[in-house]
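Structure file work20.txt (compact mmCIF, C-alpha atoms and all ligand atoms) is printed below.
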# COMPACT_ATOMS: atom_id res chain seq x y z
CA MET E 12 26.13 -14.15 0.26
CA LEU E 13 26.54 -10.53 -0.88
CA LEU E 14 23.29 -8.76 -1.72
CA PRO E 15 23.10 -5.37 -3.47
CA ALA E 16 21.26 -2.42 -1.89
CA PHE E 17 17.47 -2.87 -2.00
CA LYS E 18 16.75 0.24 -4.08
CA LEU E 19 13.03 0.51 -3.36
CA GLU E 20 13.43 0.09 0.40
CA GLU E 21 16.24 2.64 0.52
CA TYR E 22 14.19 5.17 -1.47
CA PHE E 23 11.27 4.76 0.91
CA ALA E 24 13.58 5.00 3.93
CA LYS E 25 14.75 8.38 2.63
CA TYR E 26 11.31 9.95 2.15
CA GLU E 27 8.53 7.81 3.66
CA PHE E 28 8.54 9.27 7.15
CA ILE E 29 9.05 12.90 6.16
CA ALA E 30 6.64 13.23 3.20
CA SER E 31 2.96 13.95 3.89
CA TYR E 32 1.61 11.61 1.17
CA THR E 33 2.74 8.36 -0.39
CA MET E 34 1.38 7.71 -3.85
CA ALA E 35 3.78 4.84 -4.38
CA SER E 36 2.77 2.18 -1.87
CA SER E 37 2.13 -1.33 -3.04
CA ASP E 38 -0.29 -2.07 -0.19
CA PRO E 39 -3.84 -0.75 0.23
CA GLU E 40 -5.30 1.22 3.15
CA THR E 41 -4.73 -0.86 6.26
CA TYR E 42 -6.97 -1.42 9.30
CA THR E 43 -6.62 -0.53 12.98
CA LEU E 44 -6.41 -3.18 15.66
CA THR E 45 -9.77 -2.03 17.00
CA GLU E 46 -11.40 -2.48 13.57
CA LEU E 47 -9.94 -5.96 13.19
CA LEU E 48 -10.94 -7.09 16.69
CA GLY E 49 -14.41 -5.75 15.95
CA MET E 50 -14.70 -8.21 13.04
CA ALA E 51 -13.30 -11.23 14.90
CA ASP E 52 -15.43 -14.27 15.75
CA GLU E 53 -15.62 -15.71 19.27
CA GLU E 54 -13.00 -18.38 18.70
CA CYS E 55 -10.46 -15.80 17.47
CA LEU E 56 -11.24 -13.44 20.35
CA SER E 57 -10.73 -16.22 22.84
CA LEU E 58 -7.40 -17.16 21.21
CA TRP E 59 -6.41 -13.47 21.34
CA ASN E 60 -7.40 -12.94 24.97
CA ASN E 61 -5.60 -16.10 26.08
CA LEU E 62 -2.58 -15.60 23.87
CA LYS E 63 0.76 -16.60 25.37
CA PHE E 64 4.02 -15.17 24.08
CA SER E 65 5.68 -18.51 23.63
CA TYR E 66 7.37 -19.89 20.51
CA THR E 67 4.94 -21.04 17.86
CA GLU E 68 5.01 -24.02 15.47
CA THR E 69 7.63 -23.67 12.71
CA HIS E 70 5.10 -24.58 10.01
CA GLY E 71 2.62 -22.03 11.37
CA LEU E 72 -0.54 -22.19 13.45
CA PRO E 73 -2.59 -25.16 12.12
CA LEU E 74 -5.84 -23.15 12.24
CA LEU E 75 -4.21 -20.42 10.16
CA ARG E 76 -2.80 -22.89 7.64
CA GLU E 77 -6.26 -24.38 7.34
CA GLU E 78 -7.72 -20.93 6.63
CA ILE E 79 -4.99 -20.29 4.05
CA SER E 80 -5.80 -23.59 2.32
CA LYS E 81 -9.35 -22.31 1.71
CA LEU E 82 -7.88 -19.73 -0.70
CA TYR E 83 -6.91 -22.69 -2.93
CA THR E 84 -9.02 -25.31 -4.66
CA HIS E 85 -7.25 -28.62 -4.13
CA GLN E 86 -4.99 -28.09 -1.12
CA ASN E 87 -5.11 -28.78 2.60
CA LYS E 88 -3.17 -27.27 5.46
CA GLU E 89 -0.26 -29.69 5.01
CA ASN E 90 0.52 -27.96 1.71
CA PHE E 91 1.48 -24.65 3.37
CA LEU E 92 4.37 -23.25 5.33
CA ILE E 93 4.02 -19.84 6.95
CA PHE E 94 6.82 -17.24 6.93
CA SER E 95 7.57 -13.72 8.12
CA GLY E 96 6.15 -11.97 5.09
CA ALA E 97 6.58 -12.90 1.44
CA GLU E 98 10.16 -11.68 1.66
CA GLU E 99 11.33 -14.49 3.97
CA ALA E 100 9.48 -17.01 1.81
CA ILE E 101 11.27 -15.76 -1.32
CA TYR E 102 14.65 -15.77 0.39
CA ILE E 103 14.37 -19.30 1.76
CA THR E 104 12.79 -20.84 -1.31
CA MET E 105 15.60 -19.52 -3.51
CA GLN E 106 18.22 -20.71 -1.04
CA VAL E 107 16.74 -24.20 -0.95
CA LEU E 108 16.04 -24.59 -4.68
CA LEU E 109 19.09 -22.99 -6.26
CA GLN E 110 22.80 -23.74 -6.54
CA PRO E 111 25.52 -21.63 -8.20
CA GLY E 112 25.32 -22.10 -11.98
CA ASP E 113 21.59 -22.95 -12.10
CA GLU E 114 19.56 -21.13 -14.72
CA VAL E 115 16.55 -19.05 -13.72
CA VAL E 116 14.04 -17.18 -15.90
CA VAL E 117 12.29 -14.18 -14.34
CA VAL E 118 9.67 -11.78 -15.69
CA THR E 119 10.80 -8.15 -15.23
CA PRO E 120 10.55 -5.44 -13.99
CA CYS E 121 10.03 -7.24 -10.71
CA TYR E 122 10.18 -7.06 -6.95
CA GLN E 123 13.93 -6.82 -6.49
CA SER E 124 14.37 -10.00 -4.41
CA LEU E 125 12.93 -12.17 -7.15
CA LYS E 126 15.95 -11.54 -9.36
CA GLU E 127 18.67 -10.46 -6.92
CA ILE E 128 18.55 -13.43 -4.55
CA PRO E 129 18.98 -15.99 -7.38
CA LYS E 130 21.79 -13.82 -8.79
CA ALA E 131 23.53 -13.55 -5.40
CA ILE E 132 23.34 -17.34 -5.01
CA GLY E 133 25.29 -17.55 -8.28
CA ALA E 134 22.46 -18.54 -10.61
CA LYS E 135 22.36 -17.29 -14.20
CA VAL E 136 19.29 -15.09 -14.42
CA THR E 137 17.55 -14.57 -17.78
CA LYS E 138 15.05 -11.70 -17.78
CA VAL E 139 11.87 -11.67 -19.84
CA ALA E 140 10.80 -8.04 -19.95
CA LEU E 141 7.16 -7.02 -20.01
CA GLU E 142 6.60 -4.72 -23.00
CA TRP E 143 5.07 -1.24 -22.99
CA GLU E 144 3.00 -0.98 -26.16
CA ASN E 145 0.15 1.39 -26.92
CA SER E 146 0.25 2.73 -23.35
CA LYS E 147 -0.19 -0.72 -21.86
CA TRP E 148 2.04 -3.40 -20.33
CA ASN E 149 2.00 -6.72 -22.18
CA PHE E 150 3.44 -10.14 -21.51
CA ASN E 151 5.11 -11.69 -24.58
CA LEU E 152 4.55 -15.46 -24.46
CA ASP E 153 6.90 -16.19 -27.37
CA LYS E 154 9.79 -14.42 -25.70
CA PHE E 155 8.99 -16.21 -22.44
CA ALA E 156 8.92 -19.58 -24.20
CA SER E 157 12.24 -19.01 -25.94
CA ALA E 158 13.95 -17.89 -22.71
CA ILE E 159 13.41 -21.34 -21.17
CA THR E 160 16.05 -23.86 -22.20
CA GLY E 161 17.01 -27.41 -21.31
CA GLN E 162 19.23 -25.91 -18.59
CA THR E 163 16.50 -23.86 -16.87
CA LYS E 164 15.76 -24.98 -13.33
CA LEU E 165 13.31 -22.37 -12.12
CA VAL E 166 10.87 -19.90 -13.69
CA ILE E 167 9.56 -16.93 -11.69
CA VAL E 168 6.30 -15.18 -12.61
CA ASN E 169 4.07 -12.69 -10.79
CA PHE E 170 0.47 -12.02 -11.89
CA PRO E 171 -1.31 -9.72 -11.11
CA HIS E 172 2.05 -8.03 -11.60
CA SER E 173 3.94 -5.59 -9.41
CA PRO E 174 5.01 -2.89 -10.21
CA THR E 175 3.31 -2.66 -13.63
CA GLY E 176 -0.24 -3.75 -12.74
CA CYS E 177 -0.08 -6.01 -15.84
CA HIS E 178 -2.52 -8.88 -15.67
CA ILE E 179 -2.88 -11.82 -18.05
CA SER E 180 -5.85 -13.94 -19.15
CA LYS E 181 -6.55 -17.44 -17.83
CA LYS E 182 -5.69 -18.73 -21.30
CA MET E 183 -2.28 -17.05 -21.16
CA PHE E 184 -1.66 -18.47 -17.67
CA GLU E 185 -2.51 -21.94 -19.01
CA SER E 186 0.01 -21.42 -21.80
CA ILE E 187 2.66 -20.50 -19.22
CA LEU E 188 1.81 -23.68 -17.30
CA ASP E 189 2.01 -25.78 -20.48
CA ILE E 190 5.48 -24.41 -21.23
CA VAL E 191 6.91 -24.97 -17.75
CA LYS E 192 5.36 -28.47 -17.66
CA GLN E 193 6.94 -29.34 -21.02
CA HIS E 194 10.34 -28.32 -19.63
CA ASN E 195 9.68 -29.94 -16.26
CA VAL E 196 11.01 -26.87 -14.41
CA TYR E 197 10.01 -25.42 -11.04
CA LEU E 198 7.55 -22.55 -11.24
CA PHE E 199 7.67 -19.92 -8.49
CA SER E 200 4.40 -18.05 -8.82
CA ASP E 201 4.30 -14.82 -6.81
CA GLU E 202 0.57 -14.49 -6.18
CA VAL E 203 0.70 -11.73 -3.58
CA TYR E 204 -1.89 -9.69 -5.51
CA ARG E 205 -4.22 -12.62 -6.15
CA LEU E 206 -7.85 -11.89 -5.13
CA SER E 207 -7.40 -8.16 -5.74
CA GLU E 208 -8.87 -8.50 -9.27
CA TYR E 209 -11.68 -5.93 -9.63
CA ASN E 210 -13.70 -8.44 -11.65
CA PRO E 211 -13.60 -11.92 -10.04
CA GLU E 212 -13.69 -13.40 -13.58
CA ASP E 213 -10.11 -12.14 -14.01
CA CYS E 214 -8.80 -14.19 -11.09
CA LEU E 215 -6.23 -16.77 -12.24
CA PRO E 216 -6.03 -20.25 -10.73
CA ASN E 217 -3.37 -20.78 -8.08
CA ALA E 218 -0.29 -22.32 -9.70
CA ILE E 219 -0.10 -25.15 -7.13
CA ASP E 220 -3.62 -26.27 -7.99
CA CYS E 221 -2.38 -26.86 -11.57
CA TYR E 222 1.21 -28.12 -11.41
CA GLU E 223 3.11 -30.36 -9.00
CA LYS E 224 6.38 -28.45 -9.46
CA ALA E 225 4.77 -25.07 -8.72
CA ILE E 226 5.28 -23.04 -5.57
CA SER E 227 2.63 -20.41 -4.88
CA LEU E 228 3.63 -17.36 -2.85
CA GLY E 229 0.95 -15.65 -0.76
CA VAL E 230 0.96 -12.90 1.85
CA LEU E 231 -1.40 -10.75 3.92
CA SER E 232 0.47 -7.54 2.96
CA LYS E 233 -0.95 -6.80 -0.49
CA SER E 234 -4.50 -7.83 -1.46
CA PHE E 235 -5.53 -7.93 2.20
CA GLY E 236 -3.62 -4.82 3.36
CA PHE E 237 -1.95 -6.10 6.56
CA PRO E 238 1.80 -5.75 5.86
CA GLY E 239 2.63 -5.08 9.52
CA LEU E 240 1.53 -8.58 10.48
CA ARG E 241 4.46 -9.95 8.43
CA ILE E 242 2.62 -13.14 7.59
CA GLY E 243 3.27 -14.79 4.23
CA TRP E 244 3.37 -18.38 3.01
CA THR E 245 4.49 -20.80 0.36
CA GLY E 246 2.19 -23.47 -0.92
CA SER E 247 3.32 -26.59 -2.71
CA GLN E 248 2.07 -30.08 -3.54
CA ASN E 249 5.61 -31.21 -2.74
CA LYS E 250 5.64 -31.80 1.02
CA ALA E 251 9.31 -32.87 1.01
CA LEU E 252 10.19 -29.46 -0.44
CA LEU E 253 8.14 -27.72 2.26
CA GLU E 254 10.09 -29.69 4.88
CA ARG E 255 13.37 -28.45 3.38
CA LEU E 256 12.07 -24.88 3.57
CA ALA E 257 11.01 -25.42 7.19
CA ALA E 258 14.46 -26.80 8.05
CA TYR E 259 16.05 -23.63 6.60
CA LYS E 260 13.61 -21.44 8.51
CA ASN E 261 15.14 -22.77 11.75
CA TYR E 262 18.13 -20.61 10.83
CA THR E 263 16.14 -17.42 10.11
CA THR E 264 13.03 -16.73 12.20
CA ILE E 265 12.36 -20.26 13.60
CA CYS E 266 8.66 -19.52 13.91
CA ASN E 267 6.13 -16.76 13.34
CA SER E 268 5.04 -14.03 15.71
CA ALA E 269 2.36 -15.46 18.02
CA PRO E 270 0.12 -12.32 18.03
CA SER E 271 0.43 -12.00 14.24
CA GLU E 272 -0.80 -15.54 13.70
CA ILE E 273 -4.00 -14.94 15.66
CA LEU E 274 -4.60 -11.57 14.02
CA SER E 275 -4.01 -13.18 10.61
CA LEU E 276 -6.65 -15.76 11.39
CA MET E 277 -9.07 -12.90 12.01
CA VAL E 278 -8.12 -11.33 8.68
CA LEU E 279 -8.69 -14.49 6.67
CA ARG E 280 -11.98 -15.28 8.39
CA ASN E 281 -13.16 -11.85 7.22
CA LYS E 282 -11.48 -11.99 3.84
CA ASP E 283 -14.53 -11.24 1.71
CA ALA E 284 -15.39 -7.99 3.50
CA ILE E 285 -11.73 -6.90 3.62
CA LEU E 286 -11.07 -7.58 -0.06
CA LYS E 287 -14.32 -5.89 -1.07
CA ARG E 288 -13.46 -2.73 0.86
CA ASN E 289 -9.89 -2.62 -0.52
CA ILE E 290 -11.10 -3.04 -4.11
CA LEU E 291 -13.77 -0.37 -3.59
CA ILE E 292 -11.16 2.20 -2.48
CA ALA E 293 -8.94 1.26 -5.45
CA ASN E 294 -11.79 1.73 -7.91
CA GLN E 295 -12.83 5.07 -6.46
CA ASN E 296 -9.23 6.23 -6.75
CA LEU E 297 -8.89 4.83 -10.27
CA ASP E 298 -11.89 6.90 -11.38
CA LEU E 299 -10.12 10.02 -10.14
CA LEU E 300 -6.84 8.97 -11.77
CA ASP E 301 -8.59 8.32 -15.09
CA GLN E 302 -9.94 11.87 -15.03
CA PHE E 303 -6.62 13.31 -13.89
CA PHE E 304 -4.55 11.60 -16.59
CA SER E 305 -7.04 12.57 -19.30
CA ARG E 306 -6.34 16.22 -18.37
CA TYR E 307 -2.55 15.79 -18.84
CA PRO E 308 -2.00 13.62 -21.96
CA MET E 309 1.15 15.57 -22.86
CA ILE E 310 2.78 14.78 -19.52
CA TYR E 311 1.77 11.22 -18.68
CA GLU E 312 0.99 7.96 -20.46
CA TRP E 313 -1.34 5.84 -18.37
CA TYR E 314 -3.68 2.85 -18.45
CA ARG E 315 -6.24 1.53 -15.99
CA PRO E 316 -5.25 -1.85 -14.51
CA LYS E 317 -7.55 -4.80 -13.77
CA ALA E 318 -6.16 -5.76 -10.38
CA GLY E 319 -4.00 -4.67 -7.47
CA PHE E 320 -3.07 -1.31 -6.04
CA VAL E 321 -0.10 -0.29 -8.21
CA ASN E 322 0.71 0.45 -11.79
CA PHE E 323 3.58 1.88 -13.76
CA PRO E 324 2.64 4.89 -15.92
CA ARG E 325 5.20 6.82 -17.99
CA LEU E 326 6.35 10.39 -17.72
CA LYS E 327 6.44 11.81 -21.26
CA LEU E 328 8.53 14.89 -20.45
CA GLU E 329 12.19 15.28 -21.37
CA MET E 330 12.92 15.54 -17.65
CA ASN E 331 14.07 12.25 -16.14
CA ILE E 332 11.75 10.56 -13.67
CA GLU E 333 14.18 10.68 -10.74
CA GLU E 334 14.42 14.47 -10.99
CA PHE E 335 10.63 14.77 -11.43
CA ALA E 336 9.95 12.59 -8.37
CA LYS E 337 12.52 14.53 -6.32
CA GLN E 338 10.93 17.89 -7.16
CA LEU E 339 7.46 16.49 -6.46
CA VAL E 340 8.39 15.26 -3.00
CA GLU E 341 10.33 18.43 -2.17
CA GLU E 342 7.66 20.86 -3.39
CA GLU E 343 4.44 18.99 -2.64
CA SER E 344 5.51 16.35 -0.13
CA VAL E 345 4.11 13.51 -2.28
CA ILE E 346 6.14 10.36 -2.99
CA ILE E 347 6.02 8.51 -6.29
CA LEU E 348 8.59 5.80 -6.99
CA PRO E 349 10.93 6.28 -9.97
CA GLY E 350 11.03 3.23 -12.27
CA THR E 351 14.82 3.25 -11.95
CA MET E 352 14.27 1.57 -8.57
CA PHE E 353 13.20 -1.41 -10.72
CA ASP E 354 16.01 -0.89 -13.25
CA ASN E 355 13.53 0.64 -15.71
CA GLU E 356 15.15 3.42 -17.73
CA GLU E 357 12.11 4.51 -19.79
CA ASN E 358 10.75 7.14 -17.41
CA HIS E 359 8.09 4.97 -15.80
CA PHE E 360 7.08 5.38 -12.17
CA ARG E 361 5.23 3.24 -9.68
CA LEU E 362 1.96 4.75 -8.63
CA GLY E 363 0.08 3.32 -5.66
CA PHE E 364 -3.65 3.97 -5.49
CA GLY E 365 -4.91 1.94 -2.57
CA ARG E 366 -4.97 4.67 0.07
CA ARG E 367 -7.96 6.68 1.25
CA ASN E 368 -6.04 9.96 1.11
CA LEU E 369 -5.28 9.66 -2.61
CA PRO E 370 -7.67 12.54 -3.53
CA GLU E 371 -5.64 14.98 -1.39
CA ALA E 372 -2.30 13.70 -2.71
CA LEU E 373 -3.61 13.88 -6.27
CA ALA E 374 -4.65 17.53 -5.80
CA ARG E 375 -1.00 18.27 -4.96
CA VAL E 376 0.25 16.27 -7.97
CA GLU E 377 -2.17 18.27 -10.13
CA ARG E 378 -0.83 21.58 -8.81
CA PHE E 379 2.70 20.34 -9.57
CA SER E 380 1.75 19.00 -13.04
CA LYS E 381 0.34 22.38 -14.10
CA LYS E 382 3.90 23.72 -14.13
CA PHE E 383 4.67 21.47 -17.09
CA GLN E 384 1.52 22.16 -19.15
C1 LIG P 1 5.48 -8.76 -6.04
C2 LIG P 1 5.91 -8.73 -4.62
N1 LIG P 1 6.29 -9.87 -4.02
C3 LIG P 1 6.68 -9.91 -2.74
C4 LIG P 1 6.72 -8.76 -1.98
C5 LIG P 1 7.18 -8.83 -0.53
O1 LIG P 1 6.07 -8.76 0.32
P1 LIG P 1 6.24 -8.55 1.91
O2 LIG P 1 6.59 -7.11 2.09
O3 LIG P 1 4.94 -8.82 2.48
O4 LIG P 1 7.28 -9.44 2.41
C6 LIG P 1 6.35 -7.54 -2.55
C7 LIG P 1 6.40 -6.30 -1.76
O5 LIG P 1 6.25 -5.19 -2.25
C8 LIG P 1 5.92 -7.53 -3.90
O6 LIG P 1 5.53 -6.39 -4.51

Written as structure tokens, that's how I'd like the structure from this file.
Amino acid sequence: MLLPAFKLEEYFAKYEFIASYTMASSDPETYTLTELLGMADEECLSLWNNLKFSYTETHGLPLLREEISKLYTHQNKENFLIFSGAEEAIYITMQVLLQPGDEVVVVTPCYQSLKEIPKAIGAKVTKVALEWENSKWNFNLDKFASAITGQTKLVIVNFPHSPTGCHISKKMFESILDIVKQHNVYLFSDEVYRLSEYNPEDCLPNAIDCYEKAISLGVLSKSFGFPGLRIGWTGSQNKALLERLAAYKNYTTICNSAPSEILSLMVLRNKDAILKRNILIANQNLDLLDQFFSRYPMIYEWYRPKAGFVNFPRLKLEMNIEEFAKQLVEEESVIILPGTMFDNEENHFRLGFGRRNLPEALARVERFSKKFQ
């Protein structure tokens, strides 16, 4: 299978380790090992201290799957399969579900794998674009509904959304579920930003709690802020499907990293404190960004999201966003991610606001922005 270059990863590879600040990351401030061990309960510490570097269970450590199931309402550990990050879960799920010629509907802009892997398999991919209206990203339910046909096999959604930060109401999510149920299609729900809603009232139900043909994608990288653990999972009511995914995994990673599984257990057993801290940093940064963008209305179009650690503001200058981002990183050593990395041609850029050093990075962006006032 031939896959195109992963634009976002290649852009980061070029600048990430030479620039002083990244204001483009999709993950929040992470933790040190010492901080995590300091939060761990006795059982986890004992597992950690007695850890052996043997192969682990393909489906994932049962204790960890049990902890994952607590993030859902009606599931138990048998409904989950653990992978190396969300990326492996996306790759394998698409490989198992899709055949050349199948029709897939995907909400865009999106994490590149969600559309490129189906395309590389030979599926016909129909995009439903989020719409930028009145300085805000909106999901158009009518366009979504009309994109699904009798031939559609799989629908891919992602709320809270990356890279736009767009979030939908529970009512809208129910409407999505009604539509996919009427068409009896698979729903792949990328929920990697679930639980990062600043107001818990905005948290959507997990797709697999609502629909037997749904697959929920979760990971420790985003809402929790532990991307280096590379622990993600798919949940499904369909255990036969999970077995097919597990059989495929024998040809990729076979099993998960033994230390990562124990560390992940520590993360999930401290989920409330971790999520609270990550959301607090995001909100403090969002206050600063609100003030910053209100000082530069002629340069940027921006809105404050309701969840996550990224959004997708627009550069209003004539200058194209790739050139702007290049000058910013060269002059001020701050990375933002041009929207072209997501095939967006309307001068948007991904802004990440989950890091503690955002105030310093923003001071540099402000110095740079003054040139265009
Ligand atoms: C929406 C979305 N899904 C999946 C992923 C992949 O996550 P991971 O890096 O943990 O594999 C990302 C990463 O940025 C993402 O933004």

Could you check which residues have any atom within 10 Å of (29.2, -16.7, -7.4), counting only C-alpha atoms with coordinates taken straight from the file, and then list them as a VMD selection string? chain E and resid 12 to 13 110 to 112 130 to 135

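The coordinates place atom C6 of ligand LIG 1 (chain P) at 19.5 Å from CA of Glu272 in chain E.
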
note - CA of Pro216 in chain E and CA of Leu256 in chain E are separated by 23.5 Å

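The spacing separating CA of Val136 in chain E from CA of Val115 in chain E amounts to 4.9 Å.
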
With all atoms of range 125-141 of chain E from the file as input, state the centre and edge lengths in Å to one decimal of the axis-aligned box that has 6 Å extra on each side, as JSON.
{"center_x": 16.2, "center_y": -12.8, "center_z": -12.3, "size_x": 30.1, "size_y": 23.5, "size_z": 27.5}

Under the rule of at most 9 Å, produce a per-residue listing of chain E near ligand LIG 1 (chain P): chain, number, name, the closest pair of atoms, and the distance in Å, as JSON lines, using all atoms listed in the file.
{"residue": "E:Leu19", "atom": "CA", "partner": "P:LIG1", "partner_atom": "O5", "distance": 8.9}
{"residue": "E:Ser36", "atom": "CA", "partner": "P:LIG1", "partner_atom": "O5", "distance": 8.2}
{"residue": "E:Ser37", "atom": "CA", "partner": "P:LIG1", "partner_atom": "O5", "distance": 5.7}
{"residue": "E:Asp38", "atom": "CA", "partner": "P:LIG1", "partner_atom": "O5", "distance": 7.5}
{"residue": "E:Ser95", "atom": "CA", "partner": "P:LIG1", "partner_atom": "O4", "distance": 7.1}
{"residue": "E:Gly96", "atom": "CA", "partner": "P:LIG1", "partner_atom": "O4", "distance": 3.9}
{"residue": "E:Ala97", "atom": "CA", "partner": "P:LIG1", "partner_atom": "O4", "distance": 3.7}
{"residue": "E:Glu98", "atom": "CA", "partner": "P:LIG1", "partner_atom": "O4", "distance": 3.7}
{"residue": "E:Glu99", "atom": "CA", "partner": "P:LIG1", "partner_atom": "O4", "distance": 6.7}
{"residue": "E:Ala100", "atom": "CA", "partner": "P:LIG1", "partner_atom": "O4", "distance": 7.9}
{"residue": "E:Ile101", "atom": "CA", "partner": "P:LIG1", "partner_atom": "C3", "distance": 7.6}
{"residue": "E:Cys121", "atom": "CA", "partner": "P:LIG1", "partner_atom": "C1", "distance": 6.7}
{"residue": "E:Tyr122", "atom": "CA", "partner": "P:LIG1", "partner_atom": "C1", "distance": 5.1}
{"residue": "E:Gln123", "atom": "CA", "partner": "P:LIG1", "partner_atom": "C8", "distance": 8.4}
{"residue": "E:Ser124", "atom": "CA", "partner": "P:LIG1", "partner_atom": "C3", "distance": 7.9}
{"residue": "E:Leu125", "atom": "CA", "partner": "P:LIG1", "partner_atom": "N1", "distance": 7.7}
{"residue": "E:Asn169", "atom": "CA", "partner": "P:LIG1", "partner_atom": "C1", "distance": 6.3}
{"residue": "E:Phe170", "atom": "CA", "partner": "P:LIG1", "partner_atom": "C1", "distance": 8.4}
{"residue": "E:Pro171", "atom": "CA", "partner": "P:LIG1", "partner_atom": "C1", "distance": 8.5}
{"residue": "E:His172", "atom": "CA", "partner": "P:LIG1", "partner_atom": "C1", "distance": 6.6}
{"residue": "E:Ser173", "atom": "CA", "partner": "P:LIG1", "partner_atom": "C1", "distance": 4.9}
{"residue": "E:Pro174", "atom": "CA", "partner": "P:LIG1", "partner_atom": "O6", "distance": 6.7}
{"residue": "E:Asp201", "atom": "CA", "partner": "P:LIG1", "partner_atom": "N1", "distance": 6.0}
{"residue": "E:Glu202", "atom": "CA", "partner": "P:LIG1", "partner_atom": "C1", "distance": 7.5}
{"residue": "E:Val203", "atom": "CA", "partner": "P:LIG1", "partner_atom": "N1", "distance": 5.9}
{"residue": "E:Tyr204", "atom": "CA", "partner": "P:LIG1", "partner_atom": "C1", "distance": 7.4}
{"residue": "E:Leu228", "atom": "CA", "partner": "P:LIG1", "partner_atom": "N1", "distance": 8.0}
{"residue": "E:Gly229", "atom": "CA", "partner": "P:LIG1", "partner_atom": "C3", "distance": 8.3}
{"residue": "E:Val230", "atom": "CA", "partner": "P:LIG1", "partner_atom": "O3", "distance": 5.7}
{"residue": "E:Leu231", "atom": "CA", "partner": "P:LIG1", "partner_atom": "O3", "distance": 6.8}
{"residue": "E:Ser232", "atom": "CA", "partner": "P:LIG1", "partner_atom": "O3", "distance": 4.7}
{"residue": "E:Lys233", "atom": "CA", "partner": "P:LIG1", "partner_atom": "O3", "distance": 6.9}
{"residue": "E:Phe237", "atom": "CA", "partner": "P:LIG1", "partner_atom": "O3", "distance": 8.5}
{"residue": "E:Pro238", "atom": "CA", "partner": "P:LIG1", "partner_atom": "O3", "distance": 5.5}
{"residue": "E:Gly239", "atom": "CA", "partner": "P:LIG1", "partner_atom": "O3", "distance": 8.3}
{"residue": "E:Leu240", "atom": "CA", "partner": "P:LIG1", "partner_atom": "O3", "distance": 8.7}
{"residue": "E:Arg241", "atom": "CA", "partner": "P:LIG1", "partner_atom": "O3", "distance": 6.1}
{"residue": "E:Ile242", "atom": "CA", "partner": "P:LIG1", "partner_atom": "O3", "distance": 7.1}
{"residue": "E:Gly243", "atom": "CA", "partner": "P:LIG1", "partner_atom": "O3", "distance": 6.4}

Which residues are close to Glu223 in chain E, i.e. within 10 Å by only C-alpha atoms, leaving aside same-chain residues fewer than 3 positions away? Reply as a PyMOL selection string. chain E and resi 192+195+197-198+218-220+226+247-249

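Once Leu362 in chain E and its same-chain neighbours fewer than 2 positions away are set aside, Met34, Ala35, Val321, Asn322, Phe323, Ile347, Leu348, Phe360 and Phe364 of chain E remain within 7 Å of it when counting all atoms listed in the file.
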
Which is closer to Phe335 in chain E than all the others in E:Gly176, E:Trp59, E:Ala374, E:Asn358, using only C-alpha atoms? E:Asn358

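When all atoms listed in the file are used to compute distances to Ala158 in chain E, the closest of the residues E:Asn289, E:Phe199, E:Ser146, E:Glu114 turns out to be E:Glu114.
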
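Shortest atom-to-atom contact with Glu78 in chain E among E:Lys181, E:Lys164, E:Lys282, E:Lys138: E:Lys282, counting all atoms listed in the file.
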
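Among the candidates E:Asp298, E:Phe304, E:Phe379, E:Leu92, the one nearest to Ala336 in chain E when counting all atoms listed in the file is E:Phe379.
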
Spatial sel., origin (10.3, -11.1, -19.5), limit 10 Å, all atoms listed in the file, listed as a count of residues only: 23

Need the shell around Gln193 in chain E: protein/DNA/RNA residues with any atom at most 12 Å away, counting only C-alpha atoms. Skip same-chain ones fewer than 5 positions apart. Format as a ChimeraX atom specification? /E:156,159-161,163,186-188,198,222,224

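If you measure from each of E:Pro129, E:Pro316, E:Pro39, E:Pro270 to Trp148 in chain E using only C-alpha atoms, the closest one turns out to be E:Pro316.
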
Can you tell me, as a PyMOL selection string, what residues are no more than 10 Å from Asn368 in chain E when counting only C-alpha atoms, ignoring any on the same chain fewer than 4 positions away? chain E and resi 32-34+40+292+296+364+372-373

Selection export as a compact mmCIF listing (two decimals), in the coordinates of the input, atoms kept: C-alpha atoms:
# COMPACT_ATOMS: atom_id res chain seq x y z
CA TYR E 32 1.61 11.61 1.17
CA THR E 33 2.74 8.36 -0.39
CA MET E 34 1.38 7.71 -3.85
CA GLU E 40 -5.30 1.22 3.15
CA ILE E 292 -11.16 2.20 -2.48
CA ASN E 296 -9.23 6.23 -6.75
CA PHE E 364 -3.65 3.97 -5.49
CA ALA E 372 -2.30 13.70 -2.71
CA LEU E 373 -3.61 13.88 -6.27

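Restricting the calculation to all atoms listed in the file, the smallest distance between Leu369 in chain E and any of E:Asn355, E:Asn145, E:Gln384, E:Asn294 is found for E:Asn294.
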